[in-house]
Amino acid sequence: MKRPPDVPIRRDTLPESVSRPVATPIMPSVVYASASPDALDAQYEGRAEGYTYAREGHPNADILARRIDALEGAEGGVVTGSGMAALSAVLFGLLSAGDHVVGGDQLYGRSLRLLGQDLPRFGIDATFCDVTDAEALRRAITERTRLVLVEVVSNPTLRIADLEGIAAAAAEAGALLVVDNTFATPRGIRPFEWGADIVFHSVTKLLAGHSDVTLGYVAARDPELRARIRDHVVTAGLTPSPFDCWLAERGLFTFDLRYDRAEANAAHLASFLKGRSGVSRVIYPGLPDHPEHARAARLLGGRFGNMLSLELAGGRKAANAFTEAVPELSFAPTLGDVATLVSHPASSSHRALTAEARAAMGISEGFLRISVGIEPIEMLEAEFERGLRAAARASG
């Protein structure tokens, strides 16, 4: 028998077409071919646009970054492999030994750990303060303070930072103001318009919105800072997956619709839970009794978001009973999904803190954080009613 001819192993060029795809293609290639060494030099020297190696950037990440740039009113944002990767790129790309950071005392748990435990190993100190009080933050700033890190809406107690006062204090001290805008999103506030120098997100949450990607995003006002952050992303390999970027881009097309529906549900649910038996506190910036309600209305333009928290009087027993009684409400340490999610910060996002540290933040064993989704509100009312009854029985 004649041996069949070998098929040459060669990459084919893309078929030519006078039409274009409506949906963004997924482009997973790790490497990109250039015509010559001179052509490659032109790319690296900025005289020609193009891709070389996916760790240094790829089309799906750039497409997603441009879309988030448009939402935030930014330029040159970069997408990273996670929200913590975005924050890490800021801190390790911009800070040096001997620098000092001031952070909010109610940041996301891993942000607190990064500032309080990891930065000191590199000779960078951090001080934490109440960012609802700009004067307290001003007092925490020293001559070595290089950077101030705040969340507009804190995780998980939903306190509202005095962003105007903090921006003024940071500017006076020559410190960079870095804002984690994950909770508020650009639908609620665009921090660059309030004096922020750098804005970052966990895109994993509300922006992507379907609990199926892990991504971050960071943008800087100053092009020089932008370049230093991007360099650290490339050097440290904080590159995102093209597939995750593609999924997140798809999620952004419905972001406004999802946000508005979830926000309306959260406002309704906060009122529904207020004053219920077994509920010690309901925390929602849209409620008149929220300590920063007026500030939230001003900063967020009346957009109070989809996040609320509540404290069950029965502690851990009540929290266990509540979550077990409502399996339709996923008990999961994340937020921003189309479905409502319940988390217990003491056993998830803030478990690395001591019980005393959590208590100082107002996080008890009965504290639940609710990421409200887009379900029919009648369904949510019924599920929360069932959970509260179970919590009351467990509390005796």
# chains A, B, ... in the order shown; residues from 1 in each chain; ligands from 1

$ closest_atom_pairs --of "stretch 216-299 of chain A" --to "stretch 44-67 of chain A" --cutoff "10 Å" --atoms "only C-alpha atoms" --output "Markdown table"
| residue | atom | partner | partner_atom | distance |
| --- | --- | --- | --- | --- |
| A:Gly216 | CA | A:Ala65 | CA | 9.8 |
| A:Tyr217 | CA | A:Ala65 | CA | 7.2 |
| A:Val218 | CA | A:Ala65 | CA | 8.8 |
| A:Ala219 | CA | A:Ala65 | CA | 9.0 |
| A:Arg230 | CA | A:Glu56 | CA | 8.8 |
| A:Asp231 | CA | A:Glu56 | CA | 8.6 |
| A:Val233 | CA | A:Glu56 | CA | 8.3 |
| A:Val234 | CA | A:Glu56 | CA | 5.3 |
| A:Thr235 | CA | A:Arg55 | CA | 8.3 |
| A:Ala236 | CA | A:Arg55 | CA | 9.2 |
| A:Gly237 | CA | A:Arg55 | CA | 6.2 |
| A:Leu238 | CA | A:Arg55 | CA | 7.8 |
| A:Thr239 | CA | A:Arg55 | CA | 5.5 |
| A:Pro240 | CA | A:Ala61 | CA | 7.0 |
| A:Ser241 | CA | A:Ala61 | CA | 7.9 |
| A:Pro242 | CA | A:Asn60 | CA | 5.4 |
| A:Phe243 | CA | A:Asn60 | CA | 7.8 |
| A:Asp244 | CA | A:Asn60 | CA | 8.7 |
| A:Cys245 | CA | A:Ala61 | CA | 5.6 |
| A:Trp246 | CA | A:Asn60 | CA | 6.1 |
| A:Leu247 | CA | A:Leu64 | CA | 9.5 |
| A:Ala248 | CA | A:Leu64 | CA | 7.3 |
| A:Glu249 | CA | A:Leu64 | CA | 5.5 |
| A:Arg250 | CA | A:Leu64 | CA | 9.2 |
| A:Leu252 | CA | A:Arg67 | CA | 8.1 |
| A:Phe253 | CA | A:Arg67 | CA | 9.6 |

$ select_by_dssp --residues "stretch 200-345 of chain A" --states "helix (DSSP H, G or I)" --output "ChimeraX atom specification"
/A:223-236,242-252,255-273,293-299,315-325,345

$ residues_around --residues "stretch 315-320 of chain A" --least-positions-apart "3" --cutoff "9 Å" --atoms "only C-alpha atoms" --output "list of chain:residue names"
A:Gly278, A:Glu311, A:Leu312, A:Thr323, A:Glu324, A:Ala325, A:His344, A:Ser364, A:Glu365, A:Gly366, A:Phe367, A:Leu368, A:Leu388, A:Ala390, A:Ala391, A:Ala392, A:Arg393, A:Ala394, A:Ser395

$ write_last_selection --atoms "N, CA and C atoms" --output "PDB file, in the first residue's frame"
ATOM      1  N   GLY A 278     -36.182  39.401  65.101  1.00  0.00           N
ATOM      2  CA  GLY A 278     -34.938  38.651  64.950  1.00  0.00           C
ATOM      3  C   GLY A 278     -33.872  39.363  64.144  1.00  0.00           C
ATOM      4  N   GLU A 311     -28.028  42.076  60.327  1.00  0.00           N
ATOM      5  CA  GLU A 311     -27.504  41.357  61.476  1.00  0.00           C
ATOM      6  C   GLU A 311     -28.645  40.616  62.150  1.00  0.00           C
ATOM      7  N   LEU A 312     -28.476  39.317  62.294  1.00  0.00           N
ATOM      8  CA  LEU A 312     -29.458  38.490  62.971  1.00  0.00           C
ATOM      9  C   LEU A 312     -29.153  38.466  64.458  1.00  0.00           C
ATOM     10  N   THR A 323     -29.341  30.361  56.420  1.00  0.00           N
ATOM     11  CA  THR A 323     -28.774  29.919  55.139  1.00  0.00           C
ATOM     12  C   THR A 323     -29.247  28.504  54.778  1.00  0.00           C
ATOM     13  N   GLU A 324     -29.398  27.640  55.764  1.00  0.00           N
ATOM     14  CA  GLU A 324     -29.846  26.277  55.476  1.00  0.00           C
ATOM     15  C   GLU A 324     -31.306  26.234  55.042  1.00  0.00           C
ATOM     16  N   ALA A 325     -32.097  27.220  55.474  1.00  0.00           N
ATOM     17  CA  ALA A 325     -33.524  27.235  55.157  1.00  0.00           C
ATOM     18  C   ALA A 325     -33.820  27.795  53.773  1.00  0.00           C
ATOM     19  N   HIS A 344     -21.373  35.249  54.664  1.00  0.00           N
ATOM     20  CA  HIS A 344     -21.178  35.412  56.107  1.00  0.00           C
ATOM     21  C   HIS A 344     -19.735  35.854  56.298  1.00  0.00           C
ATOM     22  N   SER A 364     -20.486  40.812  63.341  1.00  0.00           N
ATOM     23  CA  SER A 364     -20.753  39.795  64.352  1.00  0.00           C
ATOM     24  C   SER A 364     -20.965  38.445  63.684  1.00  0.00           C
ATOM     25  N   GLU A 365     -21.171  37.407  64.488  1.00  0.00           N
ATOM     26  CA  GLU A 365     -21.451  36.076  63.956  1.00  0.00           C
ATOM     27  C   GLU A 365     -22.830  35.999  63.315  1.00  0.00           C
ATOM     28  N   GLY A 366     -23.687  36.958  63.614  1.00  0.00           N
ATOM     29  CA  GLY A 366     -25.007  36.998  62.986  1.00  0.00           C
ATOM     30  C   GLY A 366     -25.086  37.938  61.797  1.00  0.00           C
ATOM     31  N   PHE A 367     -23.939  38.446  61.357  1.00  0.00           N
ATOM     32  CA  PHE A 367     -23.889  39.442  60.277  1.00  0.00           C
ATOM     33  C   PHE A 367     -23.899  38.731  58.927  1.00  0.00           C
ATOM     34  N   LEU A 368     -24.820  39.102  58.066  1.00  0.00           N
ATOM     35  CA  LEU A 368     -24.914  38.547  56.715  1.00  0.00           C
ATOM     36  C   LEU A 368     -24.821  39.679  55.700  1.00  0.00           C
ATOM     37  N   LEU A 388     -35.913  33.951  57.847  1.00  0.00           N
ATOM     38  CA  LEU A 388     -36.075  34.606  59.146  1.00  0.00           C
ATOM     39  C   LEU A 388     -36.832  33.736  60.130  1.00  0.00           C
ATOM     40  N   ALA A 390     -36.808  30.468  60.206  1.00  0.00           N
ATOM     41  CA  ALA A 390     -35.855  29.427  60.633  1.00  0.00           C
ATOM     42  C   ALA A 390     -34.847  29.994  61.634  1.00  0.00           C
ATOM     43  N   ALA A 391     -34.374  31.226  61.391  1.00  0.00           N
ATOM     44  CA  ALA A 391     -33.420  31.843  62.310  1.00  0.00           C
ATOM     45  C   ALA A 391     -34.064  32.075  63.676  1.00  0.00           C
ATOM     46  N   ALA A 392     -35.338  32.468  63.693  1.00  0.00           N
ATOM     47  CA  ALA A 392     -36.032  32.707  64.966  1.00  0.00           C
ATOM     48  C   ALA A 392     -36.174  31.409  65.761  1.00  0.00           C
ATOM     49  N   ARG A 393     -36.481  30.316  65.050  1.00  0.00           N
ATOM     50  CA  ARG A 393     -36.624  29.027  65.743  1.00  0.00           C
ATOM     51  C   ARG A 393     -35.286  28.592  66.338  1.00  0.00           C
ATOM     52  N   ALA A 394     -34.218  28.781  65.591  1.00  0.00           N
ATOM     53  CA  ALA A 394     -32.893  28.374  66.081  1.00  0.00           C
ATOM     54  C   ALA A 394     -32.444  29.217  67.264  1.00  0.00           C
ATOM     55  N   SER A 395     -32.904  30.441  67.328  1.00  0.00           N
ATOM     56  CA  SER A 395     -32.490  31.347  68.407  1.00  0.00           C
ATOM     57  C   SER A 395     -33.255  31.090  69.679  1.00  0.00           C
TER      58      SER A 395
END

$ atom_distance --atom1 "atom CA of A:Ile68" --atom2 "atom CA of A:Gly116"
29.4 Å

$ atom_distance --atom1 "atom CA of A:Gly209" --atom2 "atom CA of A:Gly336"
5.3 Å

$ closest_residue --among "A:His350, A:Lys274, A:Arg146, A:His268" --to "A:Leu177" --atoms "only C-alpha atoms"
A:Arg146

$ atom_distance --atom1 "atom CA of A:Glu193" --atom2 "atom CA of A:His290"
24.4 Å

$ residues_around --residues "stretch 84-93 of chain A" --least-positions-apart "2" --cutoff "9 Å" --atoms "only C-alpha atoms" --output "number ranges by chain"
A: 78-82, 95-96, 110-111, 114-115, 119, 147, 178, 180, 198, 200-202, 215-218, 225, 228-233, 236, 238-239

$ select_by_dssp --residues "stretch 154-193 of chain A" --states "strand (DSSP E or B)" --output "list in words"
Ile160, Leu176, Leu177, Val178, Val179 and Asp180 of chain A

$ write_last_selection --atoms "N, CA and C atoms" --output "PDB file, in the first residue's frame"
ATOM      1  N   ILE A 160     -19.965  54.848  53.901  1.00  0.00           N
ATOM      2  CA  ILE A 160     -19.692  55.692  52.735  1.00  0.00           C
ATOM      3  C   ILE A 160     -18.529  56.622  53.040  1.00  0.00           C
ATOM      4  N   LEU A 176      -1.185  59.736  46.389  1.00  0.00           N
ATOM      5  CA  LEU A 176      -2.113  59.251  45.372  1.00  0.00           C
ATOM      6  C   LEU A 176      -3.380  58.721  46.027  1.00  0.00           C
ATOM      7  N   LEU A 177      -4.537  59.071  45.485  1.00  0.00           N
ATOM      8  CA  LEU A 177      -5.806  58.539  45.968  1.00  0.00           C
ATOM      9  C   LEU A 177      -6.222  57.380  45.070  1.00  0.00           C
ATOM     10  N   VAL A 178      -6.285  56.188  45.654  1.00  0.00           N
ATOM     11  CA  VAL A 178      -6.658  54.963  44.947  1.00  0.00           C
ATOM     12  C   VAL A 178      -8.030  54.534  45.445  1.00  0.00           C
ATOM     13  N   VAL A 179      -8.965  54.327  44.534  1.00  0.00           N
ATOM     14  CA  VAL A 179     -10.342  53.995  44.905  1.00  0.00           C
ATOM     15  C   VAL A 179     -10.719  52.630  44.344  1.00  0.00           C
ATOM     16  N   ASP A 180     -11.150  51.754  45.240  1.00  0.00           N
ATOM     17  CA  ASP A 180     -11.758  50.481  44.848  1.00  0.00           C
ATOM     18  C   ASP A 180     -13.236  50.752  44.598  1.00  0.00           C
TER      19      ASP A 180
END

$ decode --residues "stretch 163-177 of chain A" --atoms "all heavy atoms" --output "PDB file, in the first residue's frame"
ATOM      1  N   LEU A 163     -15.391  61.033  50.356  1.00  0.00           N
ATOM      2  CA  LEU A 163     -14.475  61.054  49.220  1.00  0.00           C
ATOM      3  C   LEU A 163     -13.973  62.464  48.909  1.00  0.00           C
ATOM      4  O   LEU A 163     -12.805  62.655  48.550  1.00  0.00           O
ATOM      5  CB  LEU A 163     -15.158  60.439  47.996  1.00  0.00           C
ATOM      6  CG  LEU A 163     -14.239  60.022  46.852  1.00  0.00           C
ATOM      7  CD1 LEU A 163     -13.196  59.016  47.324  1.00  0.00           C
ATOM      8  CD2 LEU A 163     -15.049  59.438  45.703  1.00  0.00           C
ATOM      9  N   GLU A 164     -14.849  63.450  49.069  1.00  0.00           N
ATOM     10  CA  GLU A 164     -14.433  64.832  48.797  1.00  0.00           C
ATOM     11  C   GLU A 164     -13.325  65.269  49.759  1.00  0.00           C
ATOM     12  O   GLU A 164     -12.287  65.797  49.346  1.00  0.00           O
ATOM     13  CB  GLU A 164     -15.630  65.762  48.905  1.00  0.00           C
ATOM     14  CG  GLU A 164     -16.693  65.536  47.839  1.00  0.00           C
ATOM     15  CD  GLU A 164     -18.008  66.204  48.205  1.00  0.00           C
ATOM     16  OE1 GLU A 164     -18.684  65.711  49.128  1.00  0.00           O
ATOM     17  OE2 GLU A 164     -18.344  67.216  47.560  1.00  0.00           O
ATOM     18  N   GLY A 165     -13.549  65.027  51.045  1.00  0.00           N
ATOM     19  CA  GLY A 165     -12.557  65.417  52.042  1.00  0.00           C
ATOM     20  C   GLY A 165     -11.271  64.628  51.913  1.00  0.00           C
ATOM     21  O   GLY A 165     -10.166  65.172  52.080  1.00  0.00           O
ATOM     22  N   ILE A 166     -11.382  63.343  51.602  1.00  0.00           N
ATOM     23  CA  ILE A 166     -10.197  62.491  51.457  1.00  0.00           C
ATOM     24  C   ILE A 166      -9.377  62.923  50.248  1.00  0.00           C
ATOM     25  O   ILE A 166      -8.141  62.967  50.297  1.00  0.00           O
ATOM     26  CB  ILE A 166     -10.629  61.015  51.345  1.00  0.00           C
ATOM     27  CG1 ILE A 166     -11.178  60.532  52.691  1.00  0.00           C
ATOM     28  CG2 ILE A 166      -9.486  60.141  50.879  1.00  0.00           C
ATOM     29  CD1 ILE A 166     -11.879  59.199  52.622  1.00  0.00           C
ATOM     30  N   ALA A 167     -10.055  63.229  49.146  1.00  0.00           N
ATOM     31  CA  ALA A 167      -9.339  63.675  47.946  1.00  0.00           C
ATOM     32  C   ALA A 167      -8.563  64.954  48.233  1.00  0.00           C
ATOM     33  O   ALA A 167      -7.408  65.111  47.793  1.00  0.00           O
ATOM     34  CB  ALA A 167     -10.323  63.891  46.799  1.00  0.00           C
ATOM     35  N   ALA A 168      -9.160  65.850  48.989  1.00  0.00           N
ATOM     36  CA  ALA A 168      -8.467  67.101  49.325  1.00  0.00           C
ATOM     37  C   ALA A 168      -7.263  66.822  50.221  1.00  0.00           C
ATOM     38  O   ALA A 168      -6.179  67.385  50.013  1.00  0.00           O
ATOM     39  CB  ALA A 168      -9.441  68.058  50.021  1.00  0.00           C
ATOM     40  N   ALA A 169      -7.435  65.946  51.209  1.00  0.00           N
ATOM     41  CA  ALA A 169      -6.338  65.629  52.135  1.00  0.00           C
ATOM     42  C   ALA A 169      -5.187  64.953  51.405  1.00  0.00           C
ATOM     43  O   ALA A 169      -4.013  65.264  51.641  1.00  0.00           O
ATOM     44  CB  ALA A 169      -6.849  64.749  53.276  1.00  0.00           C
ATOM     45  N   ALA A 170      -5.513  64.014  50.515  1.00  0.00           N
ATOM     46  CA  ALA A 170      -4.470  63.314  49.762  1.00  0.00           C
ATOM     47  C   ALA A 170      -3.725  64.283  48.851  1.00  0.00           C
ATOM     48  O   ALA A 170      -2.492  64.243  48.754  1.00  0.00           O
ATOM     49  CB  ALA A 170      -5.083  62.178  48.955  1.00  0.00           C
ATOM     50  N   ALA A 171      -4.470  65.156  48.192  1.00  0.00           N
ATOM     51  CA  ALA A 171      -3.837  66.114  47.273  1.00  0.00           C
ATOM     52  C   ALA A 171      -2.898  67.065  48.022  1.00  0.00           C
ATOM     53  O   ALA A 171      -1.789  67.352  47.560  1.00  0.00           O
ATOM     54  CB  ALA A 171      -4.906  66.900  46.533  1.00  0.00           C
ATOM     55  N   GLU A 172      -3.323  67.525  49.194  1.00  0.00           N
ATOM     56  CA  GLU A 172      -2.485  68.425  49.989  1.00  0.00           C
ATOM     57  C   GLU A 172      -1.174  67.757  50.389  1.00  0.00           C
ATOM     58  O   GLU A 172      -0.124  68.404  50.468  1.00  0.00           O
ATOM     59  CB  GLU A 172      -3.242  68.859  51.244  1.00  0.00           C
ATOM     60  CG  GLU A 172      -4.376  69.829  50.977  1.00  0.00           C
ATOM     61  CD  GLU A 172      -5.266  70.009  52.197  1.00  0.00           C
ATOM     62  OE1 GLU A 172      -4.836  69.599  53.313  1.00  0.00           O
ATOM     63  OE2 GLU A 172      -6.373  70.542  52.052  1.00  0.00           O
ATOM     64  N   ALA A 173      -1.247  66.441  50.647  1.00  0.00           N
ATOM     65  CA  ALA A 173      -0.057  65.706  51.084  1.00  0.00           C
ATOM     66  C   ALA A 173       0.765  65.172  49.923  1.00  0.00           C
ATOM     67  O   ALA A 173       1.830  64.581  50.137  1.00  0.00           O
ATOM     68  CB  ALA A 173      -0.484  64.543  51.982  1.00  0.00           C
ATOM     69  N   GLY A 174       0.296  65.354  48.693  1.00  0.00           N
ATOM     70  CA  GLY A 174       0.996  64.812  47.533  1.00  0.00           C
ATOM     71  C   GLY A 174       0.913  63.303  47.443  1.00  0.00           C
ATOM     72  O   GLY A 174       1.776  62.651  46.843  1.00  0.00           O
ATOM     73  N   ALA A 175      -0.137  62.722  48.044  1.00  0.00           N
ATOM     74  CA  ALA A 175      -0.337  61.267  48.018  1.00  0.00           C
ATOM     75  C   ALA A 175      -1.350  60.905  46.941  1.00  0.00           C
ATOM     76  O   ALA A 175      -2.258  61.690  46.618  1.00  0.00           O
ATOM     77  CB  ALA A 175      -0.830  60.773  49.374  1.00  0.00           C
ATOM     78  N   LEU A 176      -1.185  59.736  46.389  1.00  0.00           N
ATOM     79  CA  LEU A 176      -2.113  59.251  45.372  1.00  0.00           C
ATOM     80  C   LEU A 176      -3.380  58.721  46.027  1.00  0.00           C
ATOM     81  O   LEU A 176      -3.313  57.974  47.009  1.00  0.00           O
ATOM     82  CB  LEU A 176      -1.466  58.129  44.555  1.00  0.00           C
ATOM     83  CG  LEU A 176      -0.226  58.495  43.753  1.00  0.00           C
ATOM     84  CD1 LEU A 176       0.417  57.228  43.179  1.00  0.00           C
ATOM     85  CD2 LEU A 176      -0.581  59.470  42.646  1.00  0.00           C
ATOM     86  N   LEU A 177      -4.537  59.071  45.485  1.00  0.00           N
ATOM     87  CA  LEU A 177      -5.806  58.539  45.968  1.00  0.00           C
ATOM     88  C   LEU A 177      -6.222  57.380  45.070  1.00  0.00           C
ATOM     89  O   LEU A 177      -6.469  57.562  43.874  1.00  0.00           O
ATOM     90  CB  LEU A 177      -6.885  59.616  45.974  1.00  0.00           C
ATOM     91  CG  LEU A 177      -8.292  59.138  46.361  1.00  0.00           C
ATOM     92  CD1 LEU A 177      -8.304  58.448  47.723  1.00  0.00           C
ATOM     93  CD2 LEU A 177      -9.283  60.297  46.322  1.00  0.00           C
TER      94      LEU A 177
END
